[in-house]
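Novice: This one is query.cif, mmCIF, C-alpha atoms.
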data_input
#
loop_
_atom_site.label_atom_id
_atom_site.label_comp_id
_atom_site.auth_asym_id
_atom_site.auth_seq_id
_atom_site.Cartn_x
_atom_site.Cartn_y
_atom_site.Cartn_z
CA MET F 1 16.69 -8.37 16.60
CA TRP F 2 15.37 -11.57 15.05
CA GLN F 3 17.07 -12.01 11.69
CA ALA F 4 17.09 -14.24 8.64
CA ASP F 5 18.96 -14.12 5.34
CA ALA F 6 17.58 -15.33 2.00
CA ALA F 7 18.80 -18.89 2.53
CA GLN F 8 17.24 -19.02 6.02
CA LEU F 9 13.99 -17.52 4.73
CA ALA F 10 13.82 -20.27 2.09
CA GLN F 11 14.12 -22.92 4.81
CA LEU F 12 11.42 -21.53 7.07
CA ASP F 13 8.10 -23.30 7.48
CA ALA F 14 6.00 -22.19 4.46
CA ALA F 15 3.13 -20.74 6.55
CA PHE F 16 5.55 -18.84 8.82
CA ARG F 17 7.35 -17.42 5.78
CA ARG F 18 4.08 -16.44 4.08
CA ASN F 19 2.86 -14.64 7.21
CA LEU F 20 6.19 -12.89 7.69
CA ILE F 21 6.79 -11.77 4.11
CA ASN F 22 3.20 -10.59 3.74
CA SER F 23 3.61 -8.55 6.94
CA LEU F 24 6.83 -6.84 5.87
CA PRO F 25 5.31 -4.04 3.73
CA GLY F 26 3.36 -2.73 6.75
CA TYR F 27 -0.07 -1.12 6.56
CA LYS F 28 -1.94 -1.80 3.34
CA PRO F 29 -5.14 -0.31 1.92
CA LEU F 30 -8.30 -2.40 1.84
CA HIS F 31 -10.57 -2.34 -1.19
CA LEU F 32 -13.54 -4.34 -2.36
CA LEU F 33 -13.31 -4.77 -6.12
CA GLY F 34 -16.68 -5.12 -7.83
CA THR F 35 -17.17 -6.66 -11.28
CA LYS F 36 -19.87 -8.27 -13.38
CA SER F 37 -19.36 -11.20 -15.77
CA ALA F 38 -20.70 -11.32 -19.34
CA SER F 39 -23.44 -13.63 -18.07
CA GLY F 40 -24.44 -11.06 -15.47
CA ILE F 41 -23.00 -12.64 -12.33
CA THR F 42 -21.53 -10.08 -9.94
CA ASN F 43 -18.28 -10.62 -8.10
CA LEU F 44 -16.77 -8.89 -5.08
CA ALA F 45 -13.16 -9.48 -4.06
CA LEU F 46 -10.90 -8.10 -1.35
CA PHE F 47 -7.67 -6.43 -2.48
CA SER F 48 -4.81 -4.91 -0.50
CA GLN F 49 -2.56 -4.31 -3.48
CA VAL F 50 -4.06 -1.11 -4.87
CA ILE F 51 -1.50 1.61 -5.62
CA HIS F 52 -1.47 5.20 -6.80
CA LEU F 53 0.14 5.45 -10.25
CA GLY F 54 -0.57 9.06 -11.16
CA ALA F 55 -2.86 12.02 -10.53
CA ASP F 56 -3.24 13.46 -14.05
CA PRO F 57 -4.51 11.35 -15.68
CA PRO F 58 -5.73 9.65 -12.47
CA LEU F 59 -4.38 6.09 -12.55
CA VAL F 60 -4.37 3.17 -10.13
CA GLY F 61 -2.44 -0.07 -10.30
CA ILE F 62 -3.65 -3.40 -8.92
CA LEU F 63 -1.52 -6.47 -8.46
CA PHE F 64 -3.02 -9.87 -9.19
CA ARG F 65 -1.10 -12.89 -8.02
CA PRO F 66 -2.16 -15.77 -10.26
CA HIS F 67 -1.67 -18.62 -7.81
CA THR F 68 -3.11 -17.13 -4.66
CA VAL F 69 -5.98 -14.92 -5.75
CA LYS F 70 -9.23 -15.97 -7.31
CA ARG F 71 -9.23 -15.07 -10.98
CA ASP F 72 -12.91 -14.15 -11.47
CA SER F 73 -12.20 -10.46 -10.90
CA LEU F 74 -9.40 -10.33 -13.44
CA GLU F 75 -11.35 -12.26 -16.06
CA ASN F 76 -14.37 -10.00 -15.61
CA ILE F 77 -12.21 -6.88 -15.94
CA LEU F 78 -10.49 -8.17 -19.08
CA GLU F 79 -13.90 -8.98 -20.54
CA ALA F 80 -15.93 -5.91 -19.49
CA GLY F 81 -13.14 -3.34 -19.23
CA VAL F 82 -14.64 -1.79 -16.08
CA PHE F 83 -14.68 -2.38 -12.34
CA THR F 84 -15.28 -0.55 -9.09
CA LEU F 85 -13.10 -0.03 -6.02
CA ASN F 86 -14.86 0.49 -2.71
CA HIS F 87 -13.20 1.27 0.61
CA VAL F 88 -14.13 -0.91 3.58
CA ARG F 89 -15.50 0.71 6.72
CA THR F 90 -14.12 -0.52 10.03
CA ASP F 91 -17.57 -1.87 10.99
CA ALA F 92 -17.58 -4.11 7.88
CA TYR F 93 -14.17 -5.76 8.05
CA VAL F 94 -15.46 -9.20 9.05
CA GLN F 95 -17.97 -9.17 6.20
CA ALA F 96 -15.23 -7.95 3.84
CA HIS F 97 -12.88 -10.77 4.93
CA TRP F 98 -15.66 -13.25 4.29
CA THR F 99 -15.75 -12.30 0.57
CA SER F 100 -12.42 -14.15 0.26
CA ALA F 101 -14.10 -17.54 0.84
CA SER F 102 -14.63 -19.79 -2.22
CA TRP F 103 -18.23 -18.88 -2.88
CA GLU F 104 -20.25 -20.56 -5.62
CA GLN F 105 -22.64 -17.61 -5.85
CA SER F 106 -21.97 -13.87 -5.97
CA GLU F 107 -20.06 -12.62 -2.93
CA PHE F 108 -22.62 -9.81 -2.66
CA ALA F 109 -25.52 -12.16 -1.95
CA ALA F 110 -23.33 -14.49 0.09
CA THR F 111 -21.87 -11.96 2.50
CA GLY F 112 -24.64 -9.38 2.63
CA PHE F 113 -23.01 -6.42 0.88
CA LYS F 114 -25.62 -4.57 -1.19
CA GLU F 115 -25.03 -3.89 -4.88
CA GLU F 116 -25.37 -0.28 -5.96
CA TYR F 117 -25.49 0.86 -9.57
CA LYS F 118 -24.67 4.30 -10.91
CA ALA F 119 -25.33 5.87 -14.31
CA GLY F 120 -22.91 4.75 -17.01
CA VAL F 121 -21.15 2.08 -14.93
CA LEU F 122 -21.82 -1.60 -15.66
CA ALA F 123 -19.97 -2.89 -12.59
CA PRO F 124 -21.58 -2.95 -9.14
CA PHE F 125 -20.49 -0.62 -6.35
CA VAL F 126 -20.70 -1.54 -2.67
CA GLN F 127 -23.57 0.41 -1.13
CA ASP F 128 -22.59 2.57 1.86
CA SER F 129 -18.88 2.42 1.07
CA PRO F 130 -17.49 5.89 1.93
CA VAL F 131 -15.16 6.04 -1.10
CA GLN F 132 -16.23 4.49 -4.39
CA LEU F 133 -14.32 4.57 -7.66
CA ALA F 134 -15.34 3.55 -11.16
CA CYS F 135 -12.30 2.45 -13.14
CA SER F 136 -11.59 1.42 -16.72
CA LEU F 137 -8.90 -1.00 -17.83
CA VAL F 138 -5.89 0.58 -19.54
CA GLU F 139 -3.53 -2.39 -19.81
CA THR F 140 -1.99 -5.32 -17.98
CA GLN F 141 1.66 -6.24 -17.63
CA THR F 142 2.91 -9.64 -16.51
CA LEU F 143 6.05 -9.58 -14.37
CA ALA F 144 8.36 -12.25 -15.79
CA ILE F 145 9.93 -13.07 -12.42
CA ASN F 146 6.84 -14.64 -10.85
CA LEU F 147 3.94 -14.06 -13.29
CA THR F 148 2.35 -11.44 -11.04
CA ILE F 149 0.02 -9.27 -13.12
CA LEU F 150 0.03 -5.49 -12.79
CA LEU F 151 -3.27 -4.10 -13.99
CA ILE F 152 -3.28 -0.40 -14.82
CA ALA F 153 -6.62 1.40 -14.77
CA LYS F 154 -7.92 4.91 -15.19
CA ILE F 155 -10.18 6.39 -12.51
CA GLU F 156 -13.33 7.42 -14.42
CA GLN F 157 -15.54 8.48 -11.53
CA VAL F 158 -14.96 9.32 -7.88
CA PHE F 159 -17.65 9.25 -5.17
CA VAL F 160 -16.71 10.39 -1.67
CA ASP F 161 -18.82 10.88 1.44
CA GLU F 162 -18.64 14.69 1.83
CA LYS F 163 -17.98 14.51 5.55
CA GLY F 164 -14.48 13.14 4.86
CA LEU F 165 -13.52 15.47 2.00
CA ARG F 166 -11.38 18.38 3.16
CA GLU F 167 -11.27 21.78 1.44
CA ASP F 168 -7.87 21.03 -0.07
CA GLY F 169 -9.03 17.76 -1.66
CA SER F 170 -7.41 15.39 0.85
CA LEU F 171 -9.52 12.74 2.57
CA ASP F 172 -9.96 12.38 6.32
CA LEU F 173 -9.80 8.59 6.63
CA ASN F 174 -10.56 8.72 10.35
CA THR F 175 -13.85 10.53 9.80
CA LEU F 176 -14.65 8.12 6.96
CA GLU F 177 -13.87 5.19 9.32
CA ILE F 178 -11.81 3.41 6.69
CA ALA F 179 -9.99 0.17 7.55
CA ALA F 180 -6.47 -0.99 6.74
CA VAL F 181 -5.05 -4.52 6.58
CA THR F 182 -1.70 -6.00 7.61
CA GLY F 183 -0.30 -9.40 6.78
CA LEU F 184 -2.89 -11.89 5.54
CA ASP F 185 -5.67 -11.60 8.10
CA GLU F 186 -5.37 -8.61 10.46
CA TYR F 187 -7.48 -5.48 10.19
CA HIS F 188 -6.91 -2.04 11.68
CA SER F 189 -8.45 1.34 12.24
CA GLY F 190 -6.16 4.35 11.90
CA GLN F 191 -5.61 7.27 14.23
CA SER F 192 -4.22 10.43 12.67
CA LEU F 193 -0.98 11.72 14.18
CA GLY F 194 -1.30 14.92 12.15
CA ARG F 195 -0.61 16.49 8.81
CA LEU F 196 2.77 18.08 8.24
CA SER F 197 3.91 21.17 6.34
CA TYR F 198 5.84 20.86 3.09
CA ALA F 199 9.34 19.76 4.07
CA LYS F 200 12.16 22.28 3.67
CA PRO F 201 15.79 22.18 4.79
CA GLY F 202 16.66 24.10 7.94
CA LYS F 203 13.20 24.05 9.56
CA ILE F 204 11.61 20.95 11.03
CA PRO F 205 8.09 20.33 9.61
CA THR F 206 5.16 21.49 11.72
CA LYS F 207 1.57 20.34 11.98
CA ILE F 208 -0.81 22.00 9.55
CA MET Z 209 -21.87 11.92 -1.97
CA TRP Z 210 -19.44 14.35 -3.55
CA GLN Z 211 -18.71 13.15 -7.05
CA ALA Z 212 -16.57 13.90 -10.11
CA ASP Z 213 -16.08 12.17 -13.43
CA ALA Z 214 -12.82 12.10 -15.40
CA ALA Z 215 -13.59 15.35 -17.22
CA GLN Z 216 -14.42 17.11 -13.94
CA LEU Z 217 -11.31 15.70 -12.27
CA ALA Z 218 -9.21 17.14 -15.11
CA GLN Z 219 -10.68 20.60 -14.50
CA LEU Z 220 -10.10 20.65 -10.74
CA ASP Z 221 -7.48 22.88 -9.20
CA ALA Z 222 -4.20 20.96 -9.56
CA ALA Z 223 -3.39 20.93 -5.82
CA PHE Z 224 -6.92 19.78 -4.93
CA ARG Z 225 -6.72 17.00 -7.52
CA ARG Z 226 -3.28 15.91 -6.34
CA ASN Z 227 -4.45 15.73 -2.72
CA LEU Z 228 -7.62 13.87 -3.67
CA ILE Z 229 -6.10 11.32 -6.04
CA ASN Z 230 -3.23 10.62 -3.66
CA SER Z 231 -5.76 10.02 -0.88
CA LEU Z 232 -7.91 7.57 -2.84
CA PRO Z 233 -5.84 4.42 -2.26
CA GLY Z 234 -6.31 4.74 1.51
CA TYR Z 235 -3.70 3.70 4.11
CA LYS Z 236 -0.21 3.26 2.73
CA PRO Z 237 2.94 1.82 4.27
CA LEU Z 238 5.77 4.11 5.25
CA HIS Z 239 9.37 3.16 4.55
CA LEU Z 240 12.69 4.92 4.71
CA LEU Z 241 14.83 3.73 1.81
CA GLY Z 242 18.57 3.83 2.49
CA THR Z 243 21.24 3.88 -0.21
CA LYS Z 244 24.87 4.88 -0.69
CA SER Z 245 26.32 6.44 -3.83
CA ALA Z 246 29.53 5.28 -5.53
CA SER Z 247 31.27 8.29 -3.98
CA GLY Z 248 30.14 7.19 -0.52
CA ILE Z 249 27.34 9.68 0.13
CA THR Z 250 24.38 8.15 1.93
CA ASN Z 251 20.77 8.91 1.04
CA LEU Z 252 17.54 8.36 2.91
CA ALA Z 253 14.17 8.80 1.21
CA LEU Z 254 10.56 8.34 2.29
CA PHE Z 255 8.45 5.90 0.26
CA SER Z 256 4.80 4.92 0.53
CA GLN Z 257 4.73 2.83 -2.62
CA VAL Z 258 6.27 -0.43 -1.38
CA ILE Z 259 4.31 -3.53 -2.32
CA HIS Z 260 4.47 -7.24 -1.68
CA LEU Z 261 5.22 -9.11 -4.92
CA GLY Z 262 5.79 -12.64 -3.66
CA ALA Z 263 6.81 -14.72 -0.64
CA ASP Z 264 8.99 -17.41 -2.24
CA PRO Z 265 11.28 -15.96 -3.47
CA PRO Z 266 10.58 -12.96 -1.23
CA LEU Z 267 10.07 -9.97 -3.54
CA VAL Z 268 9.04 -6.36 -3.08
CA GLY Z 269 8.09 -3.78 -5.66
CA ILE Z 270 8.70 -0.05 -5.34
CA LEU Z 271 7.21 2.61 -7.56
CA PHE Z 272 9.33 5.59 -8.56
CA ARG Z 273 7.55 8.54 -10.13
CA PRO Z 274 10.15 10.35 -12.20
CA HIS Z 275 8.71 13.84 -12.00
CA THR Z 276 7.73 13.99 -8.35
CA VAL Z 277 10.34 11.96 -6.48
CA LYS Z 278 13.99 12.75 -6.03
CA ARG Z 279 16.04 10.43 -8.20
CA ASP Z 280 19.10 9.94 -5.94
CA SER Z 281 17.65 6.74 -4.47
CA LEU Z 282 16.95 5.18 -7.85
CA GLU Z 283 20.34 6.14 -9.27
CA ASN Z 284 22.11 4.72 -6.23
CA ILE Z 285 20.17 1.46 -6.48
CA LEU Z 286 20.86 1.09 -10.20
CA GLU Z 287 24.54 1.70 -9.48
CA ALA Z 288 25.08 -0.32 -6.32
CA GLY Z 289 22.34 -2.93 -6.74
CA VAL Z 290 21.41 -2.83 -3.05
CA PHE Z 291 19.29 -0.77 -0.68
CA THR Z 292 17.56 -0.99 2.67
CA LEU Z 293 13.92 -0.52 3.67
CA ASN Z 294 13.24 0.62 7.23
CA HIS Z 295 9.83 1.02 8.83
CA VAL Z 296 9.11 4.33 10.54
CA ARG Z 297 8.07 4.34 14.20
CA THR Z 298 5.19 6.61 15.15
CA ASP Z 299 7.54 8.71 17.33
CA ALA Z 300 9.73 9.46 14.28
CA TYR Z 301 7.18 10.52 11.69
CA VAL Z 302 8.10 14.23 11.75
CA GLN Z 303 11.76 13.40 11.29
CA ALA Z 304 10.84 10.95 8.52
CA HIS Z 305 8.74 13.58 6.71
CA TRP Z 306 11.68 15.96 6.93
CA THR Z 307 13.83 13.60 4.81
CA SER Z 308 11.66 14.66 1.85
CA ALA Z 309 13.13 18.20 1.86
CA SER Z 310 15.71 19.04 -0.83
CA TRP Z 311 18.82 18.49 1.24
CA GLU Z 312 22.29 19.18 -0.12
CA GLN Z 313 23.90 16.76 2.35
CA SER Z 314 22.87 13.24 3.39
CA GLU Z 315 19.37 13.08 4.85
CA PHE Z 316 20.82 11.02 7.72
CA ALA Z 317 23.02 13.84 8.99
CA ALA Z 318 20.42 16.46 8.12
CA THR Z 319 17.46 14.95 9.95
CA GLY Z 320 19.21 13.08 12.76
CA PHE Z 321 18.52 9.48 11.78
CA LYS Z 322 21.55 7.34 12.66
CA GLU Z 323 23.19 5.14 10.03
CA GLU Z 324 23.59 1.49 10.96
CA TYR Z 325 25.69 -0.98 9.01
CA LYS Z 326 25.34 -4.75 9.01
CA ALA Z 327 27.66 -7.45 7.70
CA GLY Z 328 27.52 -7.91 3.94
CA VAL Z 329 25.28 -4.91 3.22
CA LEU Z 330 26.77 -1.80 1.62
CA ALA Z 331 23.68 0.35 2.10
CA PRO Z 332 22.89 2.05 5.42
CA PHE Z 333 20.02 0.94 7.64
CA VAL Z 334 18.12 3.29 9.92
CA GLN Z 335 19.18 2.58 13.49
CA ASP Z 336 16.31 1.72 15.85
CA SER Z 337 13.87 1.00 13.02
CA PRO Z 338 11.77 -1.98 14.21
CA VAL Z 339 11.72 -3.70 10.78
CA GLN Z 340 14.76 -3.47 8.52
CA LEU Z 341 15.20 -5.17 5.15
CA ALA Z 342 18.25 -5.52 2.95
CA CYS Z 343 17.19 -5.78 -0.70
CA SER Z 344 18.92 -6.42 -4.01
CA LEU Z 345 17.82 -5.09 -7.38
CA VAL Z 346 16.24 -7.65 -9.71
CA GLU Z 347 14.98 -5.42 -12.51
CA THR Z 348 13.09 -2.26 -13.38
CA GLN Z 349 10.14 -1.80 -15.70
CA THR Z 350 8.97 1.53 -17.05
CA LEU Z 351 5.22 1.90 -17.44
CA ALA Z 352 4.64 3.38 -20.89
CA ILE Z 353 1.50 5.25 -19.84
CA ASN Z 354 3.23 7.76 -17.56
CA LEU Z 355 6.88 6.66 -17.27
CA THR Z 356 6.41 5.47 -13.69
CA ILE Z 357 9.17 3.00 -12.84
CA LEU Z 358 8.42 -0.27 -11.08
CA LEU Z 359 11.54 -1.53 -9.37
CA ILE Z 360 11.51 -5.20 -8.41
CA ALA Z 361 13.83 -6.34 -5.65
CA LYS Z 362 14.61 -9.48 -3.71
CA ILE Z 363 14.58 -9.38 0.08
CA GLU Z 364 18.05 -10.61 1.06
CA GLN Z 365 17.92 -10.09 4.81
CA VAL Z 366 15.15 -9.45 7.33
CA PHE Z 367 15.65 -7.88 10.76
CA VAL Z 368 12.66 -7.62 13.09
CA ASP Z 369 12.39 -6.49 16.69
CA GLU Z 370 11.47 -9.80 18.40
CA LYS Z 371 8.75 -8.22 20.51
CA GLY Z 372 6.60 -7.78 17.41
CA LEU Z 373 7.22 -11.18 15.79
CA ARG Z 374 4.43 -13.64 16.50
CA GLU Z 375 4.88 -17.41 16.64
CA ASP Z 376 3.22 -17.84 13.24
CA GLY Z 377 5.54 -15.37 11.51
CA SER Z 378 3.11 -12.44 11.31
CA LEU Z 379 4.12 -9.05 12.68
CA ASP Z 380 2.27 -7.14 15.38
CA LEU Z 381 2.52 -3.62 13.95
CA ASN Z 382 0.86 -2.09 17.03
CA THR Z 383 3.53 -3.49 19.34
CA LEU Z 384 6.20 -2.36 16.89
CA GLU Z 385 4.59 1.14 16.86
CA ILE Z 386 4.80 1.37 13.08
CA ALA Z 387 3.33 4.37 11.25
CA ALA Z 388 1.21 4.58 8.11
CA VAL Z 389 0.68 7.48 5.71
CA THR Z 390 -2.35 8.76 3.81
CA GLY Z 391 -2.46 11.30 1.02
CA LEU Z 392 0.67 13.38 0.70
CA ASP Z 393 1.28 14.58 4.24
CA GLU Z 394 -0.79 12.81 6.92
CA TYR Z 395 0.59 10.18 9.27
CA HIS Z 396 -1.25 7.60 11.35
CA SER Z 397 -0.86 5.01 14.04
CA GLY Z 398 -2.89 1.81 13.67
CA GLN Z 399 -5.16 0.06 16.13
CA SER Z 400 -5.77 -3.64 15.52
CA LEU Z 401 -9.42 -4.64 15.13
CA GLY Z 402 -8.41 -8.29 15.23
CA ARG Z 403 -7.16 -11.18 13.15
CA LEU Z 404 -9.71 -13.34 11.38
CA SER Z 405 -9.93 -17.05 10.66
CA TYR Z 406 -9.46 -18.38 7.13
CA ALA Z 407 -12.65 -17.51 5.27
CA LYS Z 408 -15.00 -20.36 4.35
CA PRO Z 409 -18.51 -20.34 2.89
CA GLY Z 410 -21.33 -20.90 5.34
CA LYS Z 411 -19.57 -19.70 8.49
CA ILE Z 412 -18.78 -16.08 9.20
CA PRO Z 413 -15.07 -15.59 10.06
CA THR Z 414 -14.18 -15.35 13.74
CA LYS Z 415 -11.33 -13.68 15.60
CA ILE Z 416 -8.24 -15.81 16.04
#
Starting from the coordinates I provided, produce the structure as structure tokens.
Specialist:
Amino acid sequence: MWQADAAQLAQLDAAFRRNLINSLPGYKPLHLLGTKSASGITNLALFSQVIHLGADPPLVGILFRPHTVKRDSLENILEAGVFTLNHVRTDAYVQAHWTSASWEQSEFAATGFKEEYKAGVLAPFVQDSPVQLACSLVETQTLAINLTILLIAKIEQVFVDEKGLREDGSLDLNTLEIAAVTGLDEYHSGQSLGRLSYAKPGKIPTKI
Amino acid sequence: MWQADAAQLAQLDAAFRRNLINSLPGYKPLHLLGTKSASGITNLALFSQVIHLGADPPLVGILFRPHTVKRDSLENILEAGVFTLNHVRTDAYVQAHWTSASWEQSEFAATGFKEEYKAGVLAPFVQDSPVQLACSLVETQTLAINLTILLIAKIEQVFVDEKGLREDGSLDLNTLEIAAVTGLDEYHSGQSLGRLSYAKPGKIPTKI
């Protein structure tokens, strides 16, 4: 095994360390976050740090890292109170990656994603995204240790392509052709290994 | 598109809603968290809520949901200050899922994962895991909205199977055969679509 302790990690080449530490969590979700500024300019930003915070009420958390992520999204959310999350299909990962460039204009126009608007939601959705969420800001917390911002939001509306919605409410991400990301720049498709029965002592879980 | 607003989500069957909301984030990482109690009993618990918080110092965040996740891991971490994170190989996902049963004894002995100890680390690692981290507790924050606990930890030691460590520090999760999870009970292998060049305006990103 290759190994490094904290002191050795601190002495590594900065790019090597950044690639390594960003790879350590493993597979991460991939979302395009859509917002609109007070002056009407839309913004689309790629996020891998979207986490489930609760099912009832339905809450998501998003981490914003002040020094490495463009702040337009956060400022728009703080101002408007609403945003959208849109899953990225595997056939759109290059286009999605491109949204992370330093665009002067809206990332929608720049990269070719189409804006879609739905009743009651100010922020733009990504047209043809198989899972779209409208979210409202609940609060933000700043982590003292490195000024990372945890934004907590309520899921106000859910839109899912029916073909990927199972009878029990779970989503079939393979059928929806949803992409994942690892590290800073690598994209993946997923292949289901199976769903497993509720785990109980004494009997190894079986496929359901 | 199937759709539901917040009021409709609240009226859904509880199991359907739980499956749906837990599926919305998309692909999630899969970690086995190893701890040891003051009385010497080891614990191994499955976590999908492990997030990158920073590269320098290297920090991870872990979400603990008080009402749905066994508390042994959290209590052991608060007591001992240390724990391990171990990625799950695709050939061990059934065994990993089984750790989530309500075992009386240590999940290691119960499910067949082998404990591995390394110099200077009290907590047990999972033998043969391709990515192993030793972490120390920094602090915990309780989210007022639903009492979810965000635990912040420093990565003290990194162990990676060399075959998956690229020259630039990124990890090849396909070569390491690392699994991902979606929803509450589905496991996946990943298939790389490619790595992309740093995104710049005016030129679509290319594979690197």
Novice: Identify, on the basis of all atoms listed in the file, every residue whose closest approach to Lys362 (chain Z) does not exceed 8 Å; exclude the query and any residue fewer than 2 positions from it along the same chain; express the result as a ChimeraX atom specification.
Specialist: /Z:265-268,343-346,360,364
Novice: Determine the residue membership of the PyMOL selection byres ((chain Z and resi 290) around 10) for the file above and supply it as a list in words.
Specialist: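 On the file shown, the PyMOL selection byres ((chain Z and resi 290) around 10) covers Gly242, Thr243, Lys244, Asn284, Ile285, Leu286, Glu287, Ala288, Gly289, Phe291, Thr292, Val329, Leu330, Ala331, Pro332, Ala342, Cys343, Ser344, Leu345, Val346, Ala361, Lys362, Ile363 and Glu364 of chain Z.
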Novice: Contacts from chain F to chain Z, 6 Å maximum, all atoms listed in the file: show me the residue list as a ChimeraX atom specification.
Specialist: /F:1-6,16,18-21,23,26-29,55,98,101,103,156-162,168-171,185-196,199-201
Novice: How many Å lie between CA of Ala119 (chain F) and CA of Gln219 (chain Z), rounded to one decimal?
Specialist: 20.8 Å
Novice: What does the structure give for the distance between CA of Ala92 (chain F) and CA of Ile62 (chain F), in Å to one decimal?
Specialist: 21.8 Å
Novice: Could you get me a file of region 111-117 of chain F with all heavy atoms, as a PDB file, in the first residue's frame, taken from the block above?
Specialist:
ATOM      1  N   THR F 111     -22.676  27.203 -22.920  1.00  0.00           N
ATOM      2  CA  THR F 111     -22.383  25.775 -23.093  1.00  0.00           C
ATOM      3  C   THR F 111     -23.481  25.019 -23.827  1.00  0.00           C
ATOM      4  O   THR F 111     -23.324  23.844 -24.153  1.00  0.00           O
ATOM      5  CB  THR F 111     -22.174  25.094 -21.723  1.00  0.00           C
ATOM      6  OG1 THR F 111     -23.396  25.180 -20.968  1.00  0.00           O
ATOM      7  CG2 THR F 111     -21.053  25.768 -20.941  1.00  0.00           C
ATOM      8  N   GLY F 112     -24.612  25.696 -24.072  1.00  0.00           N
ATOM      9  CA  GLY F 112     -25.646  25.053 -24.875  1.00  0.00           C
ATOM     10  C   GLY F 112     -26.753  24.371 -24.101  1.00  0.00           C
ATOM     11  O   GLY F 112     -27.678  23.824 -24.703  1.00  0.00           O
ATOM     12  N   PHE F 113     -26.680  24.359 -22.768  1.00  0.00           N
ATOM     13  CA  PHE F 113     -27.826  23.824 -22.015  1.00  0.00           C
ATOM     14  C   PHE F 113     -29.003  24.784 -22.192  1.00  0.00           C
ATOM     15  O   PHE F 113     -28.839  26.000 -22.208  1.00  0.00           O
ATOM     16  CB  PHE F 113     -27.490  23.679 -20.526  1.00  0.00           C
ATOM     17  CG  PHE F 113     -26.638  22.478 -20.202  1.00  0.00           C
ATOM     18  CD1 PHE F 113     -25.318  22.642 -19.777  1.00  0.00           C
ATOM     19  CD2 PHE F 113     -27.144  21.195 -20.313  1.00  0.00           C
ATOM     20  CE1 PHE F 113     -24.529  21.543 -19.473  1.00  0.00           C
ATOM     21  CE2 PHE F 113     -26.366  20.090 -20.008  1.00  0.00           C
ATOM     22  CZ  PHE F 113     -25.052  20.264 -19.592  1.00  0.00           C
ATOM     23  N   LYS F 114     -30.200  24.224 -22.313  1.00  0.00           N
ATOM     24  CA  LYS F 114     -31.409  25.030 -22.529  1.00  0.00           C
ATOM     25  C   LYS F 114     -32.083  25.331 -21.198  1.00  0.00           C
ATOM     26  O   LYS F 114     -32.272  24.428 -20.377  1.00  0.00           O
ATOM     27  CB  LYS F 114     -32.400  24.276 -23.425  1.00  0.00           C
ATOM     28  CG  LYS F 114     -31.897  24.033 -24.839  1.00  0.00           C
ATOM     29  CD  LYS F 114     -32.240  25.208 -25.755  1.00  0.00           C
ATOM     30  CE  LYS F 114     -31.782  24.918 -27.181  1.00  0.00           C
ATOM     31  NZ  LYS F 114     -30.297  24.759 -27.295  1.00  0.00           N
ATOM     32  N   GLU F 115     -32.457  26.585 -20.999  1.00  0.00           N
ATOM     33  CA  GLU F 115     -33.211  26.953 -19.798  1.00  0.00           C
ATOM     34  C   GLU F 115     -34.649  26.460 -19.917  1.00  0.00           C
ATOM     35  O   GLU F 115     -35.259  26.542 -20.975  1.00  0.00           O
ATOM     36  CB  GLU F 115     -33.224  28.476 -19.620  1.00  0.00           C
ATOM     37  CG  GLU F 115     -31.848  29.069 -19.412  1.00  0.00           C
ATOM     38  CD  GLU F 115     -31.863  30.604 -19.325  1.00  0.00           C
ATOM     39  OE1 GLU F 115     -32.958  31.180 -19.094  1.00  0.00           O
ATOM     40  OE2 GLU F 115     -30.791  31.210 -19.481  1.00  0.00           O
ATOM     41  N   GLU F 116     -35.175  25.961 -18.799  1.00  0.00           N
ATOM     42  CA  GLU F 116     -36.577  25.561 -18.762  1.00  0.00           C
ATOM     43  C   GLU F 116     -37.194  26.202 -17.526  1.00  0.00           C
ATOM     44  O   GLU F 116     -36.594  26.200 -16.445  1.00  0.00           O
ATOM     45  CB  GLU F 116     -36.682  24.032 -18.659  1.00  0.00           C
ATOM     46  CG  GLU F 116     -38.115  23.538 -18.578  1.00  0.00           C
ATOM     47  CD  GLU F 116     -38.221  22.011 -18.430  1.00  0.00           C
ATOM     48  OE1 GLU F 116     -37.193  21.317 -18.476  1.00  0.00           O
ATOM     49  OE2 GLU F 116     -39.357  21.537 -18.251  1.00  0.00           O
ATOM     50  N   TYR F 117     -38.385  26.763 -17.699  1.00  0.00           N
ATOM     51  CA  TYR F 117     -39.051  27.389 -16.551  1.00  0.00           C
ATOM     52  C   TYR F 117     -40.338  26.654 -16.233  1.00  0.00           C
ATOM     53  O   TYR F 117     -41.025  26.166 -17.122  1.00  0.00           O
ATOM     54  CB  TYR F 117     -39.297  28.878 -16.831  1.00  0.00           C
ATOM     55  CG  TYR F 117     -37.995  29.646 -16.837  1.00  0.00           C
ATOM     56  CD1 TYR F 117     -37.275  29.850 -18.020  1.00  0.00           C
ATOM     57  CD2 TYR F 117     -37.446  30.109 -15.647  1.00  0.00           C
ATOM     58  CE1 TYR F 117     -36.053  30.506 -18.012  1.00  0.00           C
ATOM     59  CE2 TYR F 117     -36.224  30.770 -15.623  1.00  0.00           C
ATOM     60  CZ  TYR F 117     -35.532  30.968 -16.812  1.00  0.00           C
ATOM     61  OH  TYR F 117     -34.317  31.601 -16.787  1.00  0.00           O
TER      62      TYR F 117
END
